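Visitor: My questions will all concern the structure given below.
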Amino acid sequence: MQANLVGLTAASIPDPPVTFTEALVRRAQNGDGEAFAELIEEQYDRIYRTAWRWCGNGHDAEDIAQDVCVRIGQAIHGFDGRSAFSSWVYRITLNMVRDWQRAGQRRSAHADAYAEIVPTAEAPAQEDAATGSQLWSAVRSLPDKQRDAVLLVYAEGLSHAEAAAIMGIKEPTVSFHVHEARKTLRGLL
Amino acid sequence: MTDHRPDPFQSLGQTPPPPRPDARLKALAAAREAFAEADAKKTETAAKGSFGGRRLTSIISKLKGFSIMDMRIPVGTAAIALLVLPLGYQLYSTTAMTSVPPTAETRSRQVEQAPLVEPAPMAESGAALKQPAPPPSPMPAPALSDQVAMPSAPAGGMLTRQSMAELAPPTSYDLESNLAPEPSGDEFTSFEEQRLKIAAEEPVSTFSIDVDTASYSYVRRMLVDGYVPERNAVRIEELINYFPYDYPAAPSAAVPFEPTLNIFPTPWNEATQILSIGIAGYVPPAEEIAPSNLVFLIDSSGSMESHDKLPLLKRSFALLLDQLSDDDTISIVAYAGSAGIVLEPTAASERAKILAALDQLSAGGSTAGADGIELAYRLAEENRAAGTNRILLATDGDFNVGIDDPEALKDFIAGKRQSGISLSVLGFGQGNLDDATMQSLAQNGNGNASYIANFSEARKVLVEEVGGTLHTIAQDVKIQVEFNPAVVSEYRLIGYETRHLNREDFNNDAVDAGDVGAGHTVTALYEITPVGSGQVDPLRYGTAEANSGDGDEIAFLKMRYKLPGESVSQLIEQPVTADISHDDIALAGPDAQFAAAVAAFGQKLKGSVYGSTMSWDEIRALAQAGRGEDQGGYRAEFIRLVDHAAMLKRDGE
């Protein structure tokens with residue numbers, strides 16, 4: 001299995017991780033626990049990063065990432081391959097973030113406050129500039145769609161088309177939301 | 001679109017801090033558990049399989065229109081994958097772009113596509129194809145080690161083969177892969193079949209004994225399930241050695257076995273004969289067996305949950321327990337999933353306690369397995385017994401025992417072997433089985449690798465052959481046969497490809513080889529061609545008659561073995577003379593007939609260039625004739641297996 005991965009990577013196939021991931025997904029869907037373990041291990045860091053960007057602190061991100069992983073484990077059998085696996089994972093993650101924040105407005109507010117008062121281990125790394133952190137909190141306070149569009153495009157570095165697929169909207173609409181976000185934040189930035 | 005001037009949004013691209021490792025591990029474990037649960041549920045209610053995915057996407061569908069947009073990326077990705085994957089694969093397999101050890105499959109394809117590894121491909125291919133007409137040029141074949149890869153269907157070989165009309169199907173490789181999509185991710189070491197050797201050039205053949213039977217169990221399972229096993233899964237010597245043969249037993253523990261020799265006509269080739277070398281391990285009486293110390297190292301990862309894995313394992317070990325004497329000690333260690341000591345060393349007489357510990361073992365669990373193997377060895381060392389000290393590793397292919405690097409794991413096991421603790425591997429289930437690792441661990445651990453597919457197999461390995469599995473009577477058993485070029489022109493060892501030894505290894509006691517357990521029977525078959533009817537033309541300019549061998553001796557057999565615990569080997573020597581030769585295979589006895597039938601079966605199943613001319617009916621008839629007493633019913637089962645194979649892979653295809 002590992003050798004397979006190495007072999008594929010060395011074959012200079014453009015974007016081998018995608019095909020490799022697809023193979024893992026298929027095997028996991030056939031009930032291969034081994035493949036699923038490898039798959040989720042491969043995805044975890046990205047899920048965690050996404051969660052962190054959306055909610056803004058490590059503790060929530062860890063919890064969300066874990067829930068996302070569990071959800072993937074439960075639902076992977078039903079993943080139908082109509083969208084890319086990565087888009088699917090994004091959708092689960094964003095939903096989870098939304099559920100999480102909706103269910104625990106207070107909790108996450110506390111956590112945010114906590115994160116601000118007690119500088120966690122990761123604090124120095126991210127808080128490189130006061131403006132940076134201001135920007136983050138401003139973006140996170142945007143309406144859901146605007147926030148998702150901005151973060152998908154700028155934080156996750158996806159194209160408008162990819163963001164559109166994940167959000168389930170049309171490509172121009174993504175641009176529109178980003179534009180709206182700019183307008184909303186004009187005073188703050 | 002709105003990208004102009006320094007954009008504050010751009011700074012959002014920074015990477016967030018990494019997750020804490022323990023949170024990560026926790027999440028992964030939880031995910032695995034959820035997966036295993038969902039997987040189990042799915043097998044129960046398969047029809048609802050897509051429920052989860054649909055529900056999830058529908059949460060988003062309130063953001064309208066996604067289903068149309070949704071299609072762009074997947075269609076594009078699929079198209080690219082379709083285009084690029086074969087292309088990339090082709091590129092990879094035809095050019096040596098990497099020194100990374102390829103997987104079994106890529107290796108075998110590389111061999112097919114790039115026969116350039118051969119120093120002299122033409123001469124080699126001629127020698128490799130025994131049945132076809134003489135090779136294109138009578139150049140001396142360079143003395144290659146058996147393990148050097150050989151092209152299985154080089155261009156030169158195809159020509160000669162076509163001229164042989166309906167002879168061996170041009171490697172049924174393609175057919176197999178078309179007919180029977182491999183149902184699994186089982187991995188096998190690829191190896192090339194033993195090739196024909198010319199006695200005058202390479203009179204000495206050396207190999208290590210192999211008492212493993214995993215290959216037969218695997219092949220049987222595949223055939224019964226309706227698949228033709230991949231050719232690397234078929235190791236002919238393991239097929240042959242699966243069956244008990246009625247060789248005379250050795251008289252005492254000091255000489256733990258004696259060779260039984262037999263020569264009879266080859267059923268698939270009129271021009272050749274088969275030299276059969278059989279040994280039966282000494283069975284010590286019960287009171288002579290010293291107490292054993294067994295440590296079960298059990299894989300409890302989520303994948304072990306299915307009924308043919310952990311539950312079967314539990315029942316199997318309960319069987320084994322009945323075979324042990326009260327002085328034996330048992331411990332149980334689990335790894336992957338719920339890791340740790342499950343049972344502290346306990347006397348085998350405390351049956352209830354041991355069974356209770358086994359029962360509470362469950363697949364899955366939240367801890368990631370860590371130092372399972374070291375724990376197992378530590379327990380084994382602390383409770384060293386006078387008799388066998390052995391670790392029985394039971395797994396479905398997850399070797400996440402604490403040492404990640406396979407080489408390091410092998411070294412670790414080989415190192416522990418020196419201190420007298422051996423390791424056997426019991427394979428369970430299907431789909432994930434890593435046969436190559438299983439084999440190499442067991443070989444390095446001086447143990448055996450068995451594949452337990454069902455309860456009756458568990459009975460065979462753990463009850464009927466428990467002596468062989470647990471009580472080693474001879475270690476590092478090597479066989480060396482020197483053929484007399486005055487009598488034998490060509491010879492070919494059937495099977496044992498993965499057990500090849502160099503000629504000089506025979507007398508080197510430091511070189512490891514296979515062990516024989518109490519009551520094990522081992523059979524090796526050579527196909528030999530008498531002088532005058534060889535396939536390979538004699539040399540025009542070679543040394544005329546270099547051989548000065550005695551005309552009475554066909555070959556000279558030497559065997560080396562070490563008694564358990566000793567470091568200096570013993571030698572058994574015996575000439576092979578014509579008086580053991582039979583004119584008809586029927587006169588050679590049922591064991592000879594049956595072993596030959598199994599060999600023919602293996603060769604045909606592999607699509608070997610040797611002996612595939614025999615029809616399934618002929619093989620079946622031969623096996624039927626060699627059925628003998630067949631106490632365990634194994635030979636009868638083999639005959640049914642021939643019928644399965646005949647349906648899956650028709651004659652002449």
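Within each chain, counting starts at residue 1; across the structure tokens, chains are named A, B, ... in the order shown, with ligands numbered 1 upward in that order.
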Write out as a PyMOL selection string the residues lying within 9 Å of Gln146 in chain A, counting only C-alpha atoms and excluding same-chain residues fewer than 6 positions away.

Guide: chain A and resi 139+174+176-181

Visitor: How would the residues just picked look written out with N, CA, C and O atoms as a PDB file, in the first residue's frame?

Guide:
```
ATOM      1  N   VAL A 139     -13.785  38.894   9.089  1.00  0.00           N
ATOM      2  CA  VAL A 139     -14.265  37.945   8.077  1.00  0.00           C
ATOM      3  C   VAL A 139     -15.201  36.924   8.711  1.00  0.00           C
ATOM      4  O   VAL A 139     -16.240  36.579   8.156  1.00  0.00           O
ATOM      5  N   VAL A 174     -20.394  33.373  -6.453  1.00  0.00           N
ATOM      6  CA  VAL A 174     -19.243  33.407  -5.550  1.00  0.00           C
ATOM      7  C   VAL A 174     -18.592  34.784  -5.627  1.00  0.00           C
ATOM      8  O   VAL A 174     -18.326  35.431  -4.602  1.00  0.00           O
ATOM      9  N   PHE A 176     -19.931  37.410  -6.541  1.00  0.00           N
ATOM     10  CA  PHE A 176     -20.844  38.391  -5.958  1.00  0.00           C
ATOM     11  C   PHE A 176     -20.685  38.434  -4.431  1.00  0.00           C
ATOM     12  O   PHE A 176     -20.571  39.508  -3.830  1.00  0.00           O
ATOM     13  N   HIS A 177     -20.616  37.260  -3.813  1.00  0.00           N
ATOM     14  CA  HIS A 177     -20.493  37.224  -2.357  1.00  0.00           C
ATOM     15  C   HIS A 177     -19.177  37.852  -1.906  1.00  0.00           C
ATOM     16  O   HIS A 177     -19.133  38.576  -0.911  1.00  0.00           O
ATOM     17  N   VAL A 178     -18.118  37.564  -2.651  1.00  0.00           N
ATOM     18  CA  VAL A 178     -16.823  38.151  -2.302  1.00  0.00           C
ATOM     19  C   VAL A 178     -16.909  39.668  -2.399  1.00  0.00           C
ATOM     20  O   VAL A 178     -16.431  40.405  -1.526  1.00  0.00           O
ATOM     21  N   HIS A 179     -17.581  40.117  -3.453  1.00  0.00           N
ATOM     22  CA  HIS A 179     -17.752  41.540  -3.657  1.00  0.00           C
ATOM     23  C   HIS A 179     -18.539  42.163  -2.507  1.00  0.00           C
ATOM     24  O   HIS A 179     -18.154  43.201  -1.948  1.00  0.00           O
ATOM     25  N   GLU A 180     -19.630  41.484  -2.141  1.00  0.00           N
ATOM     26  CA  GLU A 180     -20.454  41.952  -1.014  1.00  0.00           C
ATOM     27  C   GLU A 180     -19.619  42.041   0.262  1.00  0.00           C
ATOM     28  O   GLU A 180     -19.735  42.983   1.039  1.00  0.00           O
ATOM     29  N   ALA A 181     -18.796  40.991   0.453  1.00  0.00           N
ATOM     30  CA  ALA A 181     -17.958  40.954   1.651  1.00  0.00           C
ATOM     31  C   ALA A 181     -17.050  42.173   1.700  1.00  0.00           C
ATOM     32  O   ALA A 181     -16.886  42.811   2.742  1.00  0.00           O
TER      33      ALA A 181
END
```

Visitor: Between B:Asp225, B:Glu33, B:Glu464, B:Glu287, which residue has the minimum interatomic distance to chain A, considering only C-alpha atoms?

Guide: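 The answer is B:Glu33, which sits nearest to chain A.
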
Visitor: Choose the residue, out of B:Ser349, B:Ser567, B:Ser450, B:Thr577, that has the smallest atom-to-atom separation from Phe483 in chain B; count only C-alpha atoms.

Guide: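 Answer, going by the shortest atom-to-atom distance: B:Thr577.
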
Visitor: With distances taken over only C-alpha atoms, which of B:Ala524, B:Leu82, B:Ala352, B:Leu426 is nearest to chain A?

Guide: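 Comparing B:Ala524, B:Leu82, B:Ala352, B:Leu426 against chain A, the winner is B:Leu82.
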
Visitor: Neighbouring residues of Gln574 in chain B were defined as those with any atom within 7 Å, considering only C-alpha atoms; residues of the same chain fewer than 6 positions away were excluded. Please report them as an MDAnalysis selection string.

Guide: chainID B and resid 556:558

Visitor: In Å, how far is it from CA of Asp308 in chain B to CA of Phe36 in chain A?

Guide: 20.1 Å
